[in-house]
file start21.tsv (TSV, C-alpha atoms and all ligand atoms)
chain	number	residue	atom	x	y	z
A	529	MET	CA	-28.90	5.04	-15.45
A	530	ARG	CA	-26.76	5.44	-18.48
A	531	ARG	CA	-24.74	2.51	-19.70
A	532	ARG	CA	-21.21	2.61	-18.40
A	533	ASP	CA	-18.24	2.48	-20.63
A	534	PHE	CA	-15.45	0.43	-19.19
A	535	LEU	CA	-11.74	0.92	-19.09
A	536	GLY	CA	-9.61	-2.08	-19.96
A	537	LEU	CA	-7.23	-3.41	-17.38
A	538	ALA	CA	-4.58	-2.60	-19.95
A	539	ALA	CA	-5.14	1.02	-19.03
A	540	ALA	CA	-3.59	0.14	-15.71
A	541	ALA	CA	-0.31	-1.06	-17.17
A	542	GLY	CA	2.40	0.62	-15.21
A	543	VAL	CA	0.29	0.97	-12.09
A	544	GLY	CA	2.37	-1.72	-10.49
A	545	VAL	CA	0.11	-4.50	-11.66
A	546	ALA	CA	0.46	-7.93	-10.05
A	547	THR	CA	1.52	-8.34	-6.51
A	548	ALA	CA	4.27	-5.76	-6.33
A	549	GLY	CA	1.83	-2.94	-5.62
A	550	CYS	CA	3.01	0.60	-5.65
A	551	ALA	CA	6.63	-0.34	-5.13
A	552	ASP	CA	6.87	-1.31	-8.76
A	553	ILE	CA	6.65	1.98	-10.62
A	554	PRO	CA	8.64	1.76	-13.85
A	555	ALA	CA	11.00	4.57	-14.75
A	556	ASP	CA	10.27	6.54	-17.89
A	557	ALA	CA	11.62	4.52	-20.78
A	558	GLU	CA	14.10	5.97	-23.24
A	559	PRO	CA	12.76	6.16	-26.80
A	560	VAL	CA	13.87	3.22	-28.90
A	561	ILE	CA	15.90	4.16	-32.00
A	562	ALA	CA	16.36	1.63	-34.80
A	563	THR	CA	20.12	1.22	-35.19
A	564	ASN	CA	19.88	-0.41	-38.62
A	565	SER	CA	18.75	2.86	-40.19
A	566	PRO	CA	21.55	5.11	-41.42
A	567	ARG	CA	19.39	8.12	-40.63
A	568	HIS	CA	19.21	7.11	-37.00
A	569	SER	CA	22.70	5.91	-36.27
A	570	PRO	CA	23.70	6.31	-32.63
A	571	PRO	CA	25.53	9.55	-31.82
A	572	PRO	CA	29.25	9.32	-31.01
A	573	ALA	CA	30.03	8.64	-27.40
A	574	ARG	CA	30.46	11.77	-25.31
A	575	THR	CA	33.62	12.27	-23.39
A	576	THR	CA	32.04	14.36	-20.64
A	577	ALA	CA	29.22	13.56	-18.25
A	578	SER	CA	25.93	14.19	-20.02
A	579	LYS	CA	24.05	15.51	-16.99
A	580	PRO	CA	25.01	16.93	-13.63
A	581	ALA	CA	23.73	14.90	-10.69
A	582	PRO	CA	20.44	16.26	-9.30
A	583	ALA	CA	20.70	18.38	-6.19
A	584	PRO	CA	20.20	16.20	-3.11
A	585	VAL	CA	16.87	16.48	-1.27
A	586	ARG	CA	17.38	16.53	2.48
A	587	GLY	CA	13.90	15.31	3.29
A	588	ASN	CA	11.92	15.33	6.52
A	589	GLN	CA	11.27	11.83	7.77
A	590	LEU	CA	9.64	13.04	10.98
A	591	GLY	CA	6.96	15.13	9.26
A	592	VAL	CA	3.29	14.13	9.22
A	593	VAL	CA	1.59	11.93	6.60
A	594	PRO	CA	-2.01	12.54	5.50
A	595	VAL	CA	-4.25	9.46	5.55
A	596	LEU	CA	-7.44	10.34	3.69
A	597	MET	CA	-10.84	8.83	4.44
A	598	HIS	CA	-13.36	8.45	1.62
A	599	HIS	CA	-16.77	6.84	1.48
A	600	ARG	CA	-19.09	7.17	-1.53
A	601	VAL	CA	-17.99	9.01	-4.70
A	602	VAL	CA	-21.34	9.93	-6.22
A	603	PRO	CA	-22.75	12.79	-8.33
A	604	ASP	CA	-25.58	13.40	-5.83
A	605	ALA	CA	-23.43	13.90	-2.74
A	606	THR	CA	-26.02	14.17	0.02
A	607	GLY	CA	-24.51	12.23	2.92
A	608	GLU	CA	-22.02	13.69	5.36
A	609	TYR	CA	-19.27	11.47	3.99
A	610	ASP	CA	-20.11	11.64	0.27
A	611	MET	CA	-17.99	13.36	-2.32
A	612	THR	CA	-18.67	14.08	-5.96
A	613	PRO	CA	-16.47	12.67	-8.76
A	614	ALA	CA	-15.49	16.26	-9.61
A	615	PHE	CA	-14.27	16.84	-6.06
A	616	PHE	CA	-12.36	13.56	-6.17
A	617	ARG	CA	-10.62	14.55	-9.42
A	618	ALA	CA	-9.80	17.93	-7.88
A	619	GLU	CA	-8.36	16.13	-4.86
A	620	LEU	CA	-6.07	14.04	-7.09
A	621	GLU	CA	-5.03	17.16	-9.02
A	622	ARG	CA	-4.08	18.99	-5.86
A	623	LEU	CA	-2.25	16.02	-4.33
A	624	HIS	CA	-0.23	15.59	-7.52
A	625	ARG	CA	0.47	19.31	-7.91
A	626	GLU	CA	1.71	19.50	-4.31
A	627	LYS	CA	4.03	16.52	-4.73
A	628	TYR	CA	2.20	13.79	-2.84
A	629	PHE	CA	2.69	10.12	-3.74
A	630	PRO	CA	0.03	7.45	-3.00
A	631	ILE	CA	0.94	4.44	-0.89
A	632	ARG	CA	-1.24	1.90	0.97
A	633	THR	CA	-1.97	1.70	4.68
A	634	ILE	CA	0.11	-1.46	4.98
A	635	ASP	CA	3.08	0.38	3.45
A	636	LEU	CA	2.73	3.10	6.09
A	637	VAL	CA	2.56	0.73	9.07
A	638	ARG	CA	5.48	-1.35	7.77
A	639	ARG	CA	7.49	1.80	6.95
A	640	ASN	CA	7.73	0.54	3.40
A	641	LEU	CA	8.29	3.99	1.91
A	642	SER	CA	11.17	3.21	-0.42
A	643	ALA	CA	8.98	3.77	-3.50
A	644	VAL	CA	8.30	7.40	-2.56
A	645	PRO	CA	10.51	9.55	-4.82
A	646	ALA	CA	12.85	12.10	-3.28
A	647	GLY	CA	11.11	15.37	-2.53
A	648	ARG	CA	7.63	13.87	-2.36
A	649	THR	CA	5.26	13.13	0.52
A	650	PRO	CA	3.45	9.80	0.98
A	651	VAL	CA	-0.34	9.99	1.13
A	652	VAL	CA	-2.73	7.11	1.88
A	653	LEU	CA	-6.11	7.11	0.15
A	654	THR	CA	-8.55	4.94	2.08
A	655	PHE	CA	-12.13	3.99	1.16
A	656	ASP	CA	-14.62	2.55	3.66
A	657	ASP	CA	-17.74	0.41	3.29
A	658	GLY	CA	-17.10	-1.05	-0.19
A	659	SER	CA	-19.53	1.08	-2.18
A	660	PRO	CA	-20.01	0.31	-5.92
A	661	SER	CA	-19.16	3.99	-6.46
A	662	GLN	CA	-15.61	3.12	-5.36
A	663	PHE	CA	-15.03	0.10	-7.59
A	664	ALA	CA	-17.07	-1.53	-10.35
A	665	ILE	CA	-16.07	-3.92	-13.15
A	666	ASP	CA	-17.85	-5.50	-16.07
A	667	SER	CA	-17.85	-9.20	-17.05
A	668	ALA	CA	-14.42	-8.78	-18.69
A	669	ALA	CA	-13.01	-7.23	-15.49
A	670	ARG	CA	-12.79	-3.79	-17.09
A	671	VAL	CA	-13.01	-0.97	-14.56
A	672	ALA	CA	-15.89	1.50	-14.84
A	673	PRO	CA	-14.40	4.95	-15.57
A	674	ASP	CA	-16.80	6.77	-13.27
A	675	CYS	CA	-15.97	4.85	-10.10
A	676	ALA	CA	-13.16	6.04	-7.82
A	677	VAL	CA	-10.68	3.46	-9.12
A	678	GLY	CA	-11.59	4.34	-12.73
A	679	ILE	CA	-10.96	8.01	-11.97
A	680	MET	CA	-7.61	7.14	-10.38
A	681	LEU	CA	-6.63	4.99	-13.39
A	682	ASP	CA	-7.52	7.83	-15.76
A	683	PHE	CA	-5.49	10.23	-13.66
A	684	HIS	CA	-2.56	7.82	-13.58
A	685	ALA	CA	-2.64	7.54	-17.38
A	686	GLU	CA	-2.20	11.33	-17.58
A	687	HIS	CA	0.27	11.45	-14.69
A	688	PRO	CA	2.39	8.27	-14.68
A	689	ASP	CA	4.29	9.50	-11.60
A	690	PHE	CA	1.09	9.26	-9.51
A	691	PRO	CA	0.19	5.57	-8.99
A	692	ALA	CA	-3.44	4.48	-8.80
A	693	VAL	CA	-3.19	2.66	-5.46
A	694	ALA	CA	-5.39	2.89	-2.40
A	695	SER	CA	-6.67	0.82	0.55
A	696	PHE	CA	-10.27	-0.42	0.55
A	697	TYR	CA	-12.03	-1.46	3.79
A	698	VAL	CA	-14.82	-3.85	2.93
A	699	ASN	CA	-17.69	-5.73	4.57
A	700	ARG	CA	-19.47	-8.94	3.55
A	701	ASN	CA	-20.79	-7.64	0.19
A	702	PRO	CA	-17.78	-5.78	-1.22
A	703	PHE	CA	-18.72	-3.09	-3.76
A	704	GLY	CA	-22.31	-4.31	-3.74
A	705	CYS	CA	-21.30	-7.76	-5.04
A	706	THR	CA	-22.07	-11.25	-3.82
A	707	GLY	CA	-20.79	-14.73	-4.65
A	708	ARG	CA	-18.46	-15.03	-7.62
A	709	ASP	CA	-18.90	-11.35	-8.49
A	710	ALA	CA	-17.52	-10.42	-5.09
A	711	ASP	CA	-14.56	-12.78	-5.57
A	712	ARG	CA	-13.81	-11.30	-9.00
A	713	ALA	CA	-14.01	-7.77	-7.64
A	714	LEU	CA	-11.56	-8.54	-4.83
A	715	ALA	CA	-9.16	-10.37	-7.15
A	716	THR	CA	-9.21	-7.58	-9.73
A	717	LEU	CA	-8.64	-4.85	-7.17
A	718	HIS	CA	-5.74	-6.82	-5.71
A	719	THR	CA	-4.24	-7.30	-9.17
A	720	LEU	CA	-4.34	-3.54	-9.66
A	721	GLY	CA	-2.02	-3.19	-6.65
A	722	CYS	CA	-4.62	-1.96	-4.17
A	723	GLU	CA	-4.94	-3.18	-0.58
A	724	ILE	CA	-8.04	-4.98	0.68
A	725	GLY	CA	-8.58	-4.14	4.35
A	726	ASN	CA	-10.94	-5.38	7.05
A	727	HIS	CA	-14.05	-3.40	8.07
A	728	THR	CA	-15.89	-6.36	9.73
A	729	MET	CA	-18.61	-8.55	8.24
A	730	ASP	CA	-21.61	-6.45	9.29
A	731	HIS	CA	-20.30	-3.00	10.27
A	732	PRO	CA	-21.53	-3.17	13.88
A	733	ASN	CA	-20.77	-0.84	16.78
A	734	LEU	CA	-18.01	-3.01	18.26
A	735	ARG	CA	-18.48	-1.51	21.72
A	736	THR	CA	-21.86	-3.21	22.02
A	737	LEU	CA	-20.45	-6.70	21.30
A	738	SER	CA	-18.83	-9.41	23.42
A	739	ASP	CA	-15.18	-10.26	22.79
A	740	ALA	CA	-16.24	-13.42	20.96
A	741	GLN	CA	-18.62	-11.46	18.76
A	742	VAL	CA	-15.92	-8.90	17.94
A	743	ARG	CA	-13.51	-11.67	16.98
A	744	ALA	CA	-16.16	-13.31	14.81
A	745	GLN	CA	-16.87	-10.02	13.00
A	746	ILE	CA	-13.18	-9.46	12.22
A	747	GLY	CA	-12.16	-13.09	11.69
A	748	ASP	CA	-15.04	-14.02	9.41
A	749	LEU	CA	-14.29	-11.05	7.14
A	750	ALA	CA	-10.58	-11.99	7.12
A	751	GLY	CA	-11.53	-15.53	6.09
A	752	PHE	CA	-13.97	-14.29	3.45
A	753	VAL	CA	-11.31	-12.08	1.82
A	754	GLY	CA	-8.55	-14.64	2.37
A	755	ARG	CA	-10.29	-17.20	0.15
A	756	VAL	CA	-9.47	-14.97	-2.84
A	757	VAL	CA	-6.57	-12.63	-2.05
A	758	PRO	CA	-4.09	-12.21	0.83
A	759	ARG	CA	-5.80	-11.85	4.21
A	760	PRO	CA	-6.28	-8.25	5.36
A	761	ARG	CA	-3.54	-6.92	7.62
A	762	THR	CA	-5.06	-3.52	8.38
A	763	PHE	CA	-8.44	-2.68	9.87
A	764	ALA	CA	-10.77	0.32	9.82
A	765	LEU	CA	-13.03	0.70	12.88
A	766	PRO	CA	-16.73	0.70	11.89
A	767	LEU	CA	-18.20	4.03	13.02
A	768	GLY	CA	-14.78	4.83	14.48
A	769	VAL	CA	-15.76	2.97	17.67
A	770	ARG	CA	-13.33	0.65	19.47
A	771	PRO	CA	-14.40	-2.57	21.20
A	772	ARG	CA	-14.20	-2.64	25.01
A	773	ASN	CA	-11.30	-5.11	24.82
A	774	ARG	CA	-8.82	-3.54	22.44
A	775	SER	CA	-6.70	-6.69	22.23
A	776	THR	CA	-9.46	-8.20	20.09
A	777	LEU	CA	-8.38	-5.81	17.31
A	778	VAL	CA	-4.88	-7.25	17.10
A	779	THR	CA	-5.23	-11.03	16.77
A	780	GLY	CA	-7.90	-13.65	17.11
A	781	GLY	CA	-9.89	-16.36	15.45
A	782	SER	CA	-8.72	-19.79	14.40
A	783	GLY	CA	-8.52	-21.82	11.25
A	784	SER	CA	-9.89	-19.92	8.27
A	785	SER	CA	-11.06	-17.10	10.55
A	786	ARG	CA	-7.69	-16.33	12.11
A	787	TYR	CA	-6.53	-12.74	11.80
A	788	ARG	CA	-3.71	-10.41	12.71
A	789	ASN	CA	-3.99	-6.66	12.20
A	790	GLU	CA	-0.82	-4.58	11.95
A	791	GLY	CA	-2.68	-1.28	11.69
A	792	VAL	CA	-6.01	0.16	12.84
A	793	LEU	CA	-7.61	3.24	11.26
A	794	LEU	CA	-9.65	5.77	13.22
A	795	VAL	CA	-12.33	8.04	11.74
A	796	GLY	CA	-10.99	11.48	12.62
A	797	ALA	CA	-9.60	14.01	12.14
A	798	ASN	CA	-6.00	15.13	11.59
A	799	PRO	CA	-2.80	14.05	9.78
A	800	CYS	CA	-0.93	10.97	10.99
A	801	PRO	CA	2.50	11.25	12.64
A	802	SER	CA	5.41	9.93	10.63
A	803	PRO	CA	5.88	6.18	11.13
A	804	TYR	CA	9.36	7.12	12.37
A	805	HIS	CA	8.00	9.55	14.99
A	806	ARG	CA	7.60	8.48	18.62
A	807	ASP	CA	3.94	9.51	18.51
A	808	PHE	CA	3.12	7.08	15.70
A	809	ASP	CA	0.74	4.37	16.91
A	810	PRO	CA	-0.07	1.88	14.13
A	811	MET	CA	-3.11	0.73	16.12
A	812	ALA	CA	-4.59	4.26	16.16
A	813	ILE	CA	-4.03	5.92	12.79
A	814	PRO	CA	-5.96	9.19	12.46
A	815	ARG	CA	-7.55	10.08	9.15
A	816	ILE	CA	-8.61	13.28	7.41
A	817	ARG	CA	-12.19	13.29	6.20
A	818	CYS	CA	-12.68	13.81	2.49
A	819	SER	CA	-16.19	14.81	1.54
A	820	SER	CA	-18.01	17.47	-0.40
A	821	ARG	CA	-20.86	18.38	1.88
A	822	ASP	CA	-23.87	20.49	0.94
A	823	GLY	CA	-24.27	18.74	-2.40
A	824	GLY	CA	-20.70	19.30	-3.42
A	825	THR	CA	-20.49	22.99	-2.55
A	826	GLY	CA	-19.01	22.60	0.94
A	827	GLN	CA	-15.43	23.34	1.85
A	828	LEU	CA	-13.31	20.22	1.92
A	829	GLU	CA	-11.75	19.40	5.26
A	830	LEU	CA	-8.91	18.11	3.13
A	831	ASP	CA	-8.20	21.62	1.83
A	832	HIS	CA	-7.88	22.93	5.38
A	833	TRP	CA	-5.26	20.33	6.19
A	834	LEU	CA	-3.36	20.50	2.90
A	835	ASP	CA	-3.07	24.28	3.40
A	836	ARG	CA	-1.45	23.62	6.78
A	837	LEU	CA	0.76	20.85	5.41
A	838	ALA	CA	2.05	23.22	2.73
A	839	ARG	CA	3.97	25.15	5.39
A	840	PRO	CA	7.69	24.36	5.51
A	841	GLY	CA	8.81	21.55	7.79
A	842	VAL	CA	5.36	20.16	8.61
A	843	ARG	CA	5.00	17.15	6.36
A	844	TYR	CA	7.06	14.07	5.65
A	845	VAL	CA	9.33	14.52	2.64
A	846	ALA	CA	11.31	11.63	1.18
A	847	ALA	CA	15.05	12.26	1.01
A	848	SER	CA	17.31	11.47	-1.90
A	849	ASP	CA	19.92	10.22	0.55
A	850	ARG	CA	18.14	8.34	3.28
A	851	ALA	CA	21.13	8.29	5.58
A	852	GLY	CA	21.77	11.57	7.28
A	853	VAL	CA	18.21	12.90	7.55
A	854	GLY	CA	15.88	13.25	10.47
A	855	GLY	CA	18.55	14.59	12.78
A	856	GLY	CA	21.69	13.99	10.77
A	857	SER	CA	22.73	10.67	12.27
A	858	GLY	CA	21.01	7.99	10.25
A	859	ARG	CA	17.43	6.82	10.34
A	860	PRO	CA	15.26	8.31	13.05
A	861	SER	CA	14.40	5.88	15.79
A	862	ALA	CA	11.04	4.19	15.84
A	863	GLY	CA	10.22	5.95	19.09
A	901	ZN	ZN	-17.75	2.20	7.66
call {"tool": "encode", "arguments": {"input": "start21.tsv", "output": "structure tokens", "more": "lines below"}}
Ligand SMILES: [Zn+2]
result
Amino acid sequence: MRRRDFLGLAAAAGVGVATAGCADIPADAEPVIATNSPRHSPPPARTTASKPAPAPVRGNQLGVVPVLMHHRVVPDATGEYDMTPAFFRAELERLHREKYFPIRTIDLVRRNLSAVPAGRTPVVLTFDDGSPSQFAIDSAARVAPDCAVGIMLDFHAEHPDFPAVASFYVNRNPFGCTGRDADRALATLHTLGCEIGNHTMDHPNLRTLSDAQVRAQIGDLAGFVGRVVPRPRTFALPLGVRPRNRSTLVTGGSGSSRYRNEGVLLVGANPCPSPYHRDFDPMAIPRIRCSSRDGGTGQLELDHWLDRLARPGVRYVAASDRAGVGGGSGRPSAG
């Protein structure tokens, strides 16, 4: 395997570093002009408005939101859920071109969509199973450019209006790491503004377990993550299979293993209703599969859905004036 070159964390400046996540996207800065130079003296003040106000965007707060499910991002995409780095870059290109804006699962379930610019559609990029192909760092916490996060950071550097944020659902050895390496990986990913979600300690079929075993699988992972970064608040079902007692998904555990999940992700297979739509169920969030089957030559399921979401009126669109959309009388009800 060739030696990896690593991106510095500095490359992520502007991603919404620190705890603010994707809600902290800086506006484009005005160029600084030195006022002590006679050649660059400030222009005289204008007496008329310099720019007309942008046309208001009406928005569509009841449209659907795509939540995308990824697993490994590897050059030799052989598994059903694999995708190649080239397909992942193409996915980012298309999402950006078609005016999507990445948020995290927790932002969706809390309806924290204020960072989504007017005219754009929130999209959640999720990654299951904590593969090293999703996130890898060196001893100086620099992100490998060929992992999914490295690709997102590169893309963000070229397209500052497309934040490099996503939600990662991990098990006991996140990104192939153990011990202090695992702690550093979790802390670095959190610092980049990404969400760490719960995918159980051992990735079991929860339907085969007792209630106590289900709670231990979820609570122990929550405690493991919570030693380093905030405890997970969203959960992805291993294998897409629910436990017999669904209440075990919501809360449980005690002491360091206590947990409370505000959102639960399914495996399949269609866009998610708007969080303002009556059909939205935060404990059953459907996802669109992203993979490049047949060694990277297969048709992406994502393309099928993005084609459908390109039709007028289907997808969520953020409004420039949040009052007066979704029916013309203020915010749509939670339903
Ligand atoms: Zn999984």
call {"tool": "closest_atom_pairs", "arguments": {"input": "start21.tsv", "of": "chain A", "to": "ligand ZN 901 (chain A)", "cutoff": "7 Å", "atoms": "only C-alpha atoms and all ligand atoms", "output": "JSON lines"}}
result
{"residue": "A:Asp656", "atom": "CA", "partner": "A:ZN901", "partner_atom": "ZN", "distance": 5.1}
{"residue": "A:Asp657", "atom": "CA", "partner": "A:ZN901", "partner_atom": "ZN", "distance": 4.7}
{"residue": "A:His727", "atom": "CA", "partner": "A:ZN901", "partner_atom": "ZN", "distance": 6.7}
{"residue": "A:His731", "atom": "CA", "partner": "A:ZN901", "partner_atom": "ZN", "distance": 6.4}
{"residue": "A:Pro766", "atom": "CA", "partner": "A:ZN901", "partner_atom": "ZN", "distance": 4.6}
{"residue": "A:Leu767", "atom": "CA", "partner": "A:ZN901", "partner_atom": "ZN", "distance": 5.7}
call {"tool": "atom_distance", "arguments": {"input": "start21.tsv", "atom1": "CA of Asn733 in chain A", "atom2": "CA of Arg712 in chain A"}}
result
28.7 Å
call {"tool": "atom_distance", "arguments": {"input": "start21.tsv", "atom1": "CA of Met729 in chain A", "atom2": "CA of Ile746 in chain A"}}
result
6.8 Å
call {"tool": "axis_aligned_box", "arguments": {"input": "start21.tsv", "around": "range 659-664 of chain A", "padding_each_side": "6 Å", "output": "JSON"}}
result
{"center_x": -17.5, "center_y": 1.2, "center_z": -6.3, "size_x": 17.0, "size_y": 17.5, "size_z": 20.2}
call {"tool": "atom_distance", "arguments": {"input": "start21.tsv", "atom1": "CA of Gly587 in chain A", "atom2": "CA of Glu621 in chain A"}}
result
22.7 Å
call {"tool": "residues_near_point", "arguments": {"input": "start21.tsv", "point": "(-9.3, 12.1, 14.3)", "cutoff": "8 Å", "atoms": "all atoms listed in the file", "output": "ChimeraX atom specification"}}
result
/A:794-798,814-816
call {"tool": "residues_around", "arguments": {"input": "start21.tsv", "residues": "range 844-848 of chain A", "least_positions_apart": "3", "cutoff": "12 Å", "atoms": "only C-alpha atoms", "output": "ChimeraX atom specification"}}
result
/A:581-594,626-629,636,640-651,799-805,837-841,851-854,856,858-859
call {"tool": "closest_residue", "arguments": {"input": "start21.tsv", "among": "A:Val778, A:Val602, A:Leu765, A:Ile634", "to": "Arg735 in chain A", "atoms": "only C-alpha atoms"}}
result
A:Leu765
call {"tool": "closest_residue", "arguments": {"input": "start21.tsv", "among": "A:Met811, A:Cys675, A:Val769, A:Ala618", "to": "Thr736 in chain A", "atoms": "all atoms listed in the file"}}
result
A:Val769
call {"tool": "residues_around", "arguments": {"input": "start21.tsv", "residues": "Leu596 in chain A", "least_positions_apart": "6", "cutoff": "7 Å", "atoms": "all atoms listed in the file", "output": "list in words"}}
result
Val652, Leu653, Thr654, Arg815, Ile816, Arg817 and Cys818 of chain A
call {"tool": "residues_near_point", "arguments": {"input": "start21.tsv", "point": "(-22.2, 11.7, -1.2)", "cutoff": "12 Å", "atoms": "all atoms listed in the file", "output": "PDB file with C-alpha atoms, in the frame of the given file"}}
result
ATOM      1  CA  HIS A 598     -13.360   8.450   1.620  1.00  0.00           C
ATOM      2  CA  HIS A 599     -16.770   6.840   1.480  1.00  0.00           C
ATOM      3  CA  ARG A 600     -19.090   7.170  -1.530  1.00  0.00           C
ATOM      4  CA  VAL A 601     -17.990   9.010  -4.700  1.00  0.00           C
ATOM      5  CA  VAL A 602     -21.340   9.930  -6.220  1.00  0.00           C
ATOM      6  CA  PRO A 603     -22.750  12.790  -8.330  1.00  0.00           C
ATOM      7  CA  ASP A 604     -25.580  13.400  -5.830  1.00  0.00           C
ATOM      8  CA  ALA A 605     -23.430  13.900  -2.740  1.00  0.00           C
ATOM      9  CA  THR A 606     -26.020  14.170   0.020  1.00  0.00           C
ATOM     10  CA  GLY A 607     -24.510  12.230   2.920  1.00  0.00           C
ATOM     11  CA  GLU A 608     -22.020  13.690   5.360  1.00  0.00           C
ATOM     12  CA  TYR A 609     -19.270  11.470   3.990  1.00  0.00           C
ATOM     13  CA  ASP A 610     -20.110  11.640   0.270  1.00  0.00           C
ATOM     14  CA  MET A 611     -17.990  13.360  -2.320  1.00  0.00           C
ATOM     15  CA  THR A 612     -18.670  14.080  -5.960  1.00  0.00           C
ATOM     16  CA  PRO A 613     -16.470  12.670  -8.760  1.00  0.00           C
ATOM     17  CA  ALA A 614     -15.490  16.260  -9.610  1.00  0.00           C
ATOM     18  CA  PHE A 615     -14.270  16.840  -6.060  1.00  0.00           C
ATOM     19  CA  PHE A 616     -12.360  13.560  -6.170  1.00  0.00           C
ATOM     20  CA  SER A 659     -19.530   1.080  -2.180  1.00  0.00           C
ATOM     21  CA  SER A 661     -19.160   3.990  -6.460  1.00  0.00           C
ATOM     22  CA  GLN A 662     -15.610   3.120  -5.360  1.00  0.00           C
ATOM     23  CA  CYS A 818     -12.680  13.810   2.490  1.00  0.00           C
ATOM     24  CA  SER A 819     -16.190  14.810   1.540  1.00  0.00           C
ATOM     25  CA  SER A 820     -18.010  17.470  -0.400  1.00  0.00           C
ATOM     26  CA  ARG A 821     -20.860  18.380   1.880  1.00  0.00           C
ATOM     27  CA  ASP A 822     -23.870  20.490   0.940  1.00  0.00           C
ATOM     28  CA  GLY A 823     -24.270  18.740  -2.400  1.00  0.00           C
ATOM     29  CA  GLY A 824     -20.700  19.300  -3.420  1.00  0.00           C
ATOM     30  CA  THR A 825     -20.490  22.990  -2.550  1.00  0.00           C
ATOM     31  CA  GLY A 826     -19.010  22.600   0.940  1.00  0.00           C
TER      32      GLY A 826
END
call {"tool": "closest_residue", "arguments": {"input": "start21.tsv", "among": "A:Val753, A:Cys722, A:Ala669, A:Cys705", "to": "Asp635 in chain A", "atoms": "only C-alpha atoms"}}
result
A:Cys722
call {"tool": "residues_around", "arguments": {"input": "start21.tsv", "residues": "Gly747 in chain A", "least_positions_apart": "6", "cutoff": "12 Å", "atoms": "all atoms listed in the file", "output": "JSON, numbers by chain"}}
result
{"A": [699, 700, 726, 727, 728, 729, 730, 739, 740, 741, 753, 754, 759, 760, 761, 763, 776, 777, 778, 779, 780, 781, 782, 783, 784, 785, 786, 787, 788, 789]}
call {"tool": "closest_residue", "arguments": {"input": "start21.tsv", "among": "A:Tyr697, A:Asp682, A:Val757, A:Phe808", "to": "Asp711 in chain A", "atoms": "all atoms listed in the file"}}
result
A:Val757
call {"tool": "closest_residue", "arguments": {"input": "start21.tsv", "among": "A:Pro691, A:Pro660, A:Pro580, A:Gly791", "to": "Leu720 in chain A", "atoms": "only C-alpha atoms"}}
result
A:Pro691
call {"tool": "build_atoms", "arguments": {"input": "start21.tsv", "residues": "range 680-691 of chain A", "atoms": "N, CA and C atoms", "output": "PDB file, in the coordinates of the input"}}
result
ATOM      1  N   MET A 680      -9.050   7.195 -10.710  1.00  0.00           N
ATOM      2  CA  MET A 680      -7.610   7.140 -10.380  1.00  0.00           C
ATOM      3  C   MET A 680      -6.805   6.572 -11.549  1.00  0.00           C
ATOM      4  N   LEU A 681      -7.353   5.558 -12.243  1.00  0.00           N
ATOM      5  CA  LEU A 681      -6.630   4.990 -13.390  1.00  0.00           C
ATOM      6  C   LEU A 681      -6.507   6.005 -14.518  1.00  0.00           C
ATOM      7  N   ASP A 682      -7.577   6.757 -14.757  1.00  0.00           N
ATOM      8  CA  ASP A 682      -7.520   7.830 -15.760  1.00  0.00           C
ATOM      9  C   ASP A 682      -6.447   8.853 -15.391  1.00  0.00           C
ATOM     10  N   PHE A 683      -6.443   9.224 -14.114  1.00  0.00           N
ATOM     11  CA  PHE A 683      -5.490  10.230 -13.660  1.00  0.00           C
ATOM     12  C   PHE A 683      -4.058   9.708 -13.780  1.00  0.00           C
ATOM     13  N   HIS A 684      -3.888   8.434 -13.457  1.00  0.00           N
ATOM     14  CA  HIS A 684      -2.560   7.820 -13.580  1.00  0.00           C
ATOM     15  C   HIS A 684      -2.088   7.800 -15.032  1.00  0.00           C
ATOM     16  N   ALA A 685      -3.022   7.565 -15.966  1.00  0.00           N
ATOM     17  CA  ALA A 685      -2.640   7.540 -17.380  1.00  0.00           C
ATOM     18  C   ALA A 685      -2.114   8.912 -17.812  1.00  0.00           C
ATOM     19  N   GLU A 686      -2.680   9.969 -17.254  1.00  0.00           N
ATOM     20  CA  GLU A 686      -2.200  11.330 -17.580  1.00  0.00           C
ATOM     21  C   GLU A 686      -0.960  11.691 -16.780  1.00  0.00           C
ATOM     22  N   HIS A 687      -0.819  11.104 -15.606  1.00  0.00           N
ATOM     23  CA  HIS A 687       0.270  11.450 -14.690  1.00  0.00           C
ATOM     24  C   HIS A 687       0.929  10.161 -14.202  1.00  0.00           C
ATOM     25  N   PRO A 688       1.823   9.595 -15.033  1.00  0.00           N
ATOM     26  CA  PRO A 688       2.390   8.270 -14.680  1.00  0.00           C
ATOM     27  C   PRO A 688       3.186   8.272 -13.371  1.00  0.00           C
ATOM     28  N   ASP A 689       3.549   9.452 -12.865  1.00  0.00           N
ATOM     29  CA  ASP A 689       4.290   9.500 -11.600  1.00  0.00           C
ATOM     30  C   ASP A 689       3.360   9.506 -10.394  1.00  0.00           C
ATOM     31  N   PHE A 690       2.061   9.260 -10.604  1.00  0.00           N
ATOM     32  CA  PHE A 690       1.090   9.260  -9.510  1.00  0.00           C
ATOM     33  C   PHE A 690       0.315   7.941  -9.569  1.00  0.00           C
ATOM     34  N   PRO A 691       0.798   6.901  -8.856  1.00  0.00           N
ATOM     35  CA  PRO A 691       0.190   5.570  -8.990  1.00  0.00           C
ATOM     36  C   PRO A 691      -1.251   5.522  -8.506  1.00  0.00           C
TER      37      PRO A 691
END
